[in-house]
Amino acid sequence: MAPTTVAPGTTSAPSAGSGLLVLDPTKQYQSIDGFGGCFNDLAWQALLALDEQGREDALKALFTSDGCNFNLGRAPIGANDFSLGWYSLNETPGDYAMKEFSIEHDRRELIPFIKAAMKYQPKLGIWGVPWTPPSWMKTSGHYKGGELKQDPETLKAYALYFSKYVTAYRREGINLYAVMPQNEPNYNNSIYPQCAVSPAAMNVFVRDYLVPRFKADKLNVEVWLGTIVTPANEFVDATLGDPATRKMITGVGLQYEGRDAFARTHEKYPEQKLVQTETECNKGQNTWAEGLTTFRRVIEDTSHFANGYFFWNMILNETGRSTWDWRQNSLITVMRRQQKVVYNPEFFAMKHFSALVQPGAKRIEVTGGSFKNIVAFRNPAGDQVIVFVNEAEQPVAAELEVAGARVKLDVPAKSMNTVTIQ
């Protein structure tokens, strides 16, 4: 169902068995910071395969107010699994002073992509996270496997690495507002860049090295705990359970398998912001059913105090394959030979939220009648947005109560739905 704008109508009896959707804007919860996706090398390469008009159309679809209106983005610090290949920002062994630190690779791929997006979203906010430190800082000496070395010299140098990254990106004119210390710190058995960091080690690095380095360099940058990919709270409790570190942390980034930790983390650490850092990657089929799942996930996570939500691959070519030869979903598929852009179901799942729920919106109370997955927001300008999914195999005749009046809604089967109230 396309986003629909309604105004209060006349009071009528509810349809049989449909239930009633009721808003209570007096009950407000967390603010929404925004929505976005990850900037990856292979996305930029896919865009470069298009002519200029096709490339600009795809960027507009993601970053303008007529499109998804993404206002935030995620960037890898060094290589990730959808980079062109392995690299870090300093592969000179023993360079603890970071004299050879360089973002030259990023100037060829990631930074042009980010700046192309900034043409349409000038205030685009970016946060960075490494999939792995430089290989010489790891016990394996390799971009996969191994752990971050724990000697003070390495940890001090790694904190400097982060500081130079923030400074370098800001010098490029990019609004690099936050970093997270490690992507998926408990994953360490795959073919792409990874690194294990224990909960205790992550706490020590953030508390004793990373934040002090930022302070010494007078860098006003947020530090978030993440990206956590386990529903258990071992990483959250190890860091936020330390009173000294807790004051240093702005929020917690939870990935799709960490979804169950949203409500638990909010209950225990209510002052911390929360963000969903990555959707399920899937296997490149880009089906309607997967779009519905992502749509439902955004509802679930924002209903459990997420302040923002990030898709994984915004753009891939028709193969959907990474450098490490695994296939995943994307919001947009570029058909290179046909010079065609395909907008996949998850593009529309994200657009329902990102195009209509503005930064600064407040989640408000909503009763969903027969719809289990429903969430509502009040934008800063006062308009209200209700987002819900019909999981049923048949259409549903529903009603929405607005200011004491009722509006009839015809909701298609297996559909994503948004209603805005001016």
# chains A, B, ... in the order shown; residues from 1 in each chain; ligands from 1

$ residues_around --residues "Tyr177 in chain A" --least-positions-apart "4" --cutoff "10 Å" --atoms "only C-alpha atoms" --output "list in words"
Leu72, Leu124, Gly125, Ile126, Trp127, Gly128, Val166, Arg170, Asn220, Val221, Glu222 and Val223 of chain A

$ select_by_dssp --residues "range 164-353 of chain A" --states "helix (DSSP H, G or I)" --output "MDAnalysis selection string"
chainID A and resid 164:171 199:216 234:240 243:246 256:258 261:268 288:303 345:353

$ atom_distance --atom1 "CA of Val402 in chain A" --atom2 "CA of Thr294 in chain A"
27.8 Å

$ residues_around --residues "range 73-87 of chain A" --least-positions-apart "5" --cutoff "7 Å" --atoms "only C-alpha atoms" --output "PDB file with N, CA and C atoms, in the first residue's frame"
ATOM      1  N   GLY A  36      19.251   5.174   7.154  1.00  0.00           N
ATOM      2  CA  GLY A  36      20.291   5.174   6.130  1.00  0.00           C
ATOM      3  C   GLY A  36      20.744   3.783   5.780  1.00  0.00           C
ATOM      4  N   GLY A  37      21.932   3.698   5.182  1.00  0.00           N
ATOM      5  CA  GLY A  37      22.517   2.426   4.785  1.00  0.00           C
ATOM      6  C   GLY A  37      24.024   2.541   4.806  1.00  0.00           C
ATOM      7  N   CYS A  38      24.696   1.490   4.350  1.00  0.00           N
ATOM      8  CA  CYS A  38      26.154   1.445   4.396  1.00  0.00           C
ATOM      9  C   CYS A  38      26.748   1.845   3.051  1.00  0.00           C
ATOM     10  N   PHE A  39      27.780   2.690   3.093  1.00  0.00           N
ATOM     11  CA  PHE A  39      28.530   3.079   1.899  1.00  0.00           C
ATOM     12  C   PHE A  39      29.638   2.051   1.666  1.00  0.00           C
ATOM     13  N   ASN A  40      29.552   1.331   0.562  1.00  0.00           N
ATOM     14  CA  ASN A  40      30.513   0.278   0.243  1.00  0.00           C
ATOM     15  C   ASN A  40      31.134   0.500  -1.133  1.00  0.00           C
ATOM     16  N   ASP A  41      32.356   0.001  -1.299  1.00  0.00           N
ATOM     17  CA  ASP A  41      33.057   0.117  -2.585  1.00  0.00           C
ATOM     18  C   ASP A  41      32.228  -0.414  -3.745  1.00  0.00           C
ATOM     19  N   LEU A  42      31.656  -1.605  -3.559  1.00  0.00           N
ATOM     20  CA  LEU A  42      30.972  -2.255  -4.680  1.00  0.00           C
ATOM     21  C   LEU A  42      29.712  -1.517  -5.093  1.00  0.00           C
ATOM     22  N   GLY A 125      24.960  12.640   7.878  1.00  0.00           N
ATOM     23  CA  GLY A 125      25.817  12.235   8.990  1.00  0.00           C
ATOM     24  C   GLY A 125      26.368  10.841   8.758  1.00  0.00           C
ATOM     25  N   ILE A 126      27.671  10.657   9.003  1.00  0.00           N
ATOM     26  CA  ILE A 126      28.340   9.373   8.778  1.00  0.00           C
ATOM     27  C   ILE A 126      28.976   8.883  10.070  1.00  0.00           C
ATOM     28  N   TRP A 127      28.809   7.587  10.344  1.00  0.00           N
ATOM     29  CA  TRP A 127      29.583   6.977  11.421  1.00  0.00           C
ATOM     30  C   TRP A 127      30.409   5.829  10.846  1.00  0.00           C
ATOM     31  N   GLY A 128      31.572   5.585  11.463  1.00  0.00           N
ATOM     32  CA  GLY A 128      32.490   4.576  10.947  1.00  0.00           C
ATOM     33  C   GLY A 128      32.732   3.453  11.930  1.00  0.00           C
ATOM     34  N   VAL A 129      33.047   2.283  11.372  1.00  0.00           N
ATOM     35  CA  VAL A 129      33.382   1.123  12.204  1.00  0.00           C
ATOM     36  C   VAL A 129      34.332   0.211  11.421  1.00  0.00           C
ATOM     37  N   PRO A 130      35.365  -0.324  12.062  1.00  0.00           N
ATOM     38  CA  PRO A 130      36.256  -1.256  11.369  1.00  0.00           C
ATOM     39  C   PRO A 130      35.745  -2.690  11.432  1.00  0.00           C
ATOM     40  N   TRP A 131      35.967  -3.421  10.343  1.00  0.00           N
ATOM     41  CA  TRP A 131      35.736  -4.862  10.357  1.00  0.00           C
ATOM     42  C   TRP A 131      36.944  -5.558  11.004  1.00  0.00           C
ATOM     43  N   TYR A 192      35.889 -13.226   5.065  1.00  0.00           N
ATOM     44  CA  TYR A 192      36.068 -11.792   4.842  1.00  0.00           C
ATOM     45  C   TYR A 192      36.736 -11.156   6.065  1.00  0.00           C
ATOM     46  N   PRO A 193      37.113  -9.883   6.002  1.00  0.00           N
ATOM     47  CA  PRO A 193      37.804  -9.243   7.135  1.00  0.00           C
ATOM     48  C   PRO A 193      36.996  -9.313   8.436  1.00  0.00           C
ATOM     49  N   SER A 322      29.802 -10.312  -3.399  1.00  0.00           N
ATOM     50  CA  SER A 322      30.909  -9.576  -2.803  1.00  0.00           C
ATOM     51  C   SER A 322      32.223 -10.033  -3.423  1.00  0.00           C
ATOM     52  N   THR A 323      33.298  -9.329  -3.069  1.00  0.00           N
ATOM     53  CA  THR A 323      34.640  -9.727  -3.488  1.00  0.00           C
ATOM     54  C   THR A 323      34.963 -11.120  -2.983  1.00  0.00           C
ATOM     55  N   TRP A 324      34.394 -11.468  -1.846  1.00  0.00           N
ATOM     56  CA  TRP A 324      34.620 -12.787  -1.251  1.00  0.00           C
ATOM     57  C   TRP A 324      33.553 -13.793  -1.700  1.00  0.00           C
TER      58      TRP A 324
END

$ residues_around --residues "Trp326 in chain A" --least-positions-apart "4" --cutoff "9 Å" --atoms "only C-alpha atoms" --output "list in words"
Lys283, Gly284, Gly320, Arg321 and Ser322 of chain A

$ write_last_selection --atoms "C-alpha atoms" --output "PDB file, in the first residue's frame"
ATOM      1  CA  LYS A 283      21.102 -14.148  -0.337  1.00  0.00           C
ATOM      2  CA  GLY A 284      20.434 -11.754  -3.179  1.00  0.00           C
ATOM      3  CA  GLY A 320      24.745  -9.210  -5.787  1.00  0.00           C
ATOM      4  CA  ARG A 321      28.123 -10.775  -5.046  1.00  0.00           C
ATOM      5  CA  SER A 322      30.909  -9.576  -2.803  1.00  0.00           C
TER       6      SER A 322
END

$ select_by_dssp --residues "range 176-379 of chain A" --states "strand (DSSP E or B)" --output "PyMOL selection string"
chain A and resi 176-179+196+222-228+251-255+273-278+308-313+315-317+321+327+332-335+340-343+362-368+374-378

$ write_last_selection --atoms "N, CA and C atoms" --output "compact mmCIF listing (two decimals), in the first residue's frame"
# COMPACT_ATOMS: atom_id res chain seq x y z
N LEU A 176 31.52 13.34 9.87
CA LEU A 176 31.81 12.09 10.57
C LEU A 176 31.49 12.33 12.05
N TYR A 177 30.30 11.87 12.47
CA TYR A 177 29.83 12.26 13.81
C TYR A 177 30.08 11.21 14.88
N ALA A 178 30.39 9.96 14.48
CA ALA A 178 30.52 8.90 15.49
C ALA A 178 31.37 7.76 14.96
N VAL A 179 31.91 6.98 15.91
CA VAL A 179 32.58 5.73 15.57
C VAL A 179 32.09 4.64 16.52
N ALA A 196 38.18 -10.75 16.35
CA ALA A 196 37.52 -10.98 17.64
C ALA A 196 38.05 -10.00 18.68
N GLU A 222 31.21 11.29 18.79
CA GLU A 222 30.50 10.33 19.62
C GLU A 222 31.15 8.95 19.53
N VAL A 223 31.17 8.23 20.64
CA VAL A 223 31.61 6.83 20.67
C VAL A 223 30.40 5.98 21.03
N TRP A 224 30.07 5.06 20.15
CA TRP A 224 28.97 4.13 20.38
C TRP A 224 29.55 2.73 20.60
N LEU A 225 28.89 1.94 21.39
CA LEU A 225 29.26 0.54 21.57
C LEU A 225 28.67 -0.26 20.42
N GLY A 226 29.50 -0.93 19.66
CA GLY A 226 28.95 -1.70 18.54
C GLY A 226 30.04 -2.08 17.56
N THR A 227 29.62 -2.86 16.52
CA THR A 227 28.24 -3.27 16.31
C THR A 227 28.05 -4.67 16.90
N ILE A 228 27.08 -4.78 17.79
CA ILE A 228 26.87 -6.01 18.56
C ILE A 228 25.90 -6.91 17.83
N GLY A 251 25.67 5.69 22.76
CA GLY A 251 24.62 4.74 22.46
C GLY A 251 25.17 3.37 22.14
N VAL A 252 24.25 2.47 21.77
CA VAL A 252 24.60 1.08 21.48
C VAL A 252 24.09 0.73 20.09
N GLY A 253 24.97 0.18 19.26
CA GLY A 253 24.59 -0.28 17.93
C GLY A 253 24.39 -1.78 17.93
N LEU A 254 23.16 -2.19 17.68
CA LEU A 254 22.80 -3.61 17.70
C LEU A 254 22.46 -4.08 16.29
N GLN A 255 23.02 -5.19 15.89
CA GLN A 255 22.78 -5.74 14.57
C GLN A 255 21.60 -6.71 14.63
N LYS A 273 21.26 5.95 23.75
CA LYS A 273 20.56 5.80 22.48
C LYS A 273 20.79 4.39 21.94
N LEU A 274 19.91 3.96 21.05
CA LEU A 274 20.01 2.65 20.42
C LEU A 274 19.82 2.79 18.92
N VAL A 275 20.55 1.98 18.16
CA VAL A 275 20.39 2.02 16.71
C VAL A 275 20.56 0.62 16.16
N GLN A 276 19.72 0.31 15.16
CA GLN A 276 19.87 -0.95 14.43
C GLN A 276 20.89 -0.69 13.33
N THR A 277 22.04 -1.36 13.41
CA THR A 277 23.15 -1.04 12.51
C THR A 277 23.13 -1.82 11.20
N GLU A 278 22.36 -2.90 11.13
CA GLU A 278 22.40 -3.71 9.91
C GLU A 278 21.22 -4.66 9.85
N GLY A 308 17.24 4.84 15.40
CA GLY A 308 17.53 4.87 13.97
C GLY A 308 17.67 3.47 13.43
N TYR A 309 17.76 3.37 12.10
CA TYR A 309 17.79 2.05 11.46
C TYR A 309 18.61 2.15 10.18
N PHE A 310 19.54 1.21 10.01
CA PHE A 310 20.43 1.21 8.85
C PHE A 310 20.28 -0.08 8.05
N PHE A 311 20.03 0.09 6.74
CA PHE A 311 20.07 -1.05 5.84
C PHE A 311 21.53 -1.39 5.58
N TRP A 312 21.78 -2.56 5.02
CA TRP A 312 23.15 -2.98 4.76
C TRP A 312 23.57 -2.45 3.38
N ASN A 313 23.48 -3.23 2.31
CA ASN A 313 23.92 -2.77 1.00
C ASN A 313 22.82 -1.93 0.35
N ILE A 315 23.22 -0.45 -2.67
CA ILE A 315 23.28 -0.67 -4.11
C ILE A 315 24.26 -1.81 -4.40
N LEU A 316 23.87 -2.72 -5.29
CA LEU A 316 24.77 -3.75 -5.82
C LEU A 316 24.46 -3.95 -7.30
N ASN A 317 25.41 -4.56 -8.02
CA ASN A 317 25.10 -4.91 -9.40
C ASN A 317 24.26 -6.18 -9.45
N ARG A 321 27.02 -10.04 -5.68
CA ARG A 321 28.12 -10.78 -5.05
C ARG A 321 29.21 -9.85 -4.51
N ARG A 327 26.56 -13.78 -2.01
CA ARG A 327 25.52 -12.97 -2.60
C ARG A 327 24.59 -12.43 -1.51
N ILE A 332 18.78 -1.34 -4.14
CA ILE A 332 18.76 -1.07 -5.58
C ILE A 332 19.69 -2.05 -6.27
N THR A 333 19.24 -2.59 -7.39
CA THR A 333 20.10 -3.43 -8.23
C THR A 333 20.39 -2.71 -9.54
N VAL A 334 21.66 -2.61 -9.88
CA VAL A 334 22.07 -2.02 -11.15
C VAL A 334 22.30 -3.14 -12.16
N MET A 335 21.49 -3.15 -13.22
CA MET A 335 21.65 -4.10 -14.31
C MET A 335 22.59 -3.46 -15.32
N LYS A 340 20.03 -0.43 -16.54
CA LYS A 340 18.73 -0.34 -15.90
C LYS A 340 18.89 -0.39 -14.39
N VAL A 341 18.06 0.36 -13.68
CA VAL A 341 18.05 0.35 -12.22
C VAL A 341 16.76 -0.29 -11.74
N VAL A 342 16.88 -1.28 -10.85
CA VAL A 342 15.73 -1.98 -10.28
C VAL A 342 15.61 -1.61 -8.81
N TYR A 343 14.42 -1.16 -8.41
CA TYR A 343 14.16 -0.83 -7.01
C TYR A 343 13.51 -2.04 -6.35
N LYS A 362 8.97 11.88 17.36
CA LYS A 362 8.82 11.09 18.58
C LYS A 362 7.92 9.90 18.29
N ARG A 363 8.35 8.74 18.76
CA ARG A 363 7.41 7.60 18.71
C ARG A 363 6.28 7.85 19.69
N ILE A 364 5.05 7.54 19.26
CA ILE A 364 3.88 7.74 20.11
C ILE A 364 3.10 6.45 20.23
N GLU A 365 2.22 6.41 21.18
CA GLU A 365 1.43 5.22 21.47
C GLU A 365 0.42 4.96 20.36
N VAL A 366 0.29 3.71 19.96
CA VAL A 366 -0.73 3.31 18.99
C VAL A 366 -1.23 1.92 19.36
N THR A 367 -2.53 1.73 19.25
CA THR A 367 -3.16 0.42 19.41
C THR A 367 -3.53 -0.07 18.03
N GLY A 368 -3.10 -1.28 17.70
CA GLY A 368 -3.15 -1.72 16.31
C GLY A 368 -4.33 -2.55 15.88
N ILE A 374 2.83 -2.73 14.32
CA ILE A 374 2.41 -1.36 14.03
C ILE A 374 3.19 -0.41 14.92
N VAL A 375 3.53 0.76 14.38
CA VAL A 375 4.24 1.77 15.16
C VAL A 375 3.79 3.13 14.64
N ALA A 376 3.88 4.14 15.48
CA ALA A 376 3.43 5.47 15.10
C ALA A 376 4.41 6.53 15.61
N PHE A 377 4.44 7.67 14.89
CA PHE A 377 5.36 8.75 15.21
C PHE A 377 4.66 10.09 15.07
N ARG A 378 5.18 11.08 15.79
CA ARG A 378 4.73 12.46 15.61
C ARG A 378 5.93 13.28 15.17

$ closest_residue --among "A:Lys268, A:Lys144, A:Lys351, A:His105" --to "Val298 in chain A" --atoms "only C-alpha atoms"
A:Lys351

$ closest_residue --among "A:Met137, A:Ala157, A:Ile174, A:Cys68" --to "Ile111 in chain A" --atoms "only C-alpha atoms"
A:Ile174

$ closest_residue --among "A:Thr293, A:Ser140, A:Asn379, A:Gln150" --to "Phe348 in chain A" --atoms "only C-alpha atoms"
A:Thr293
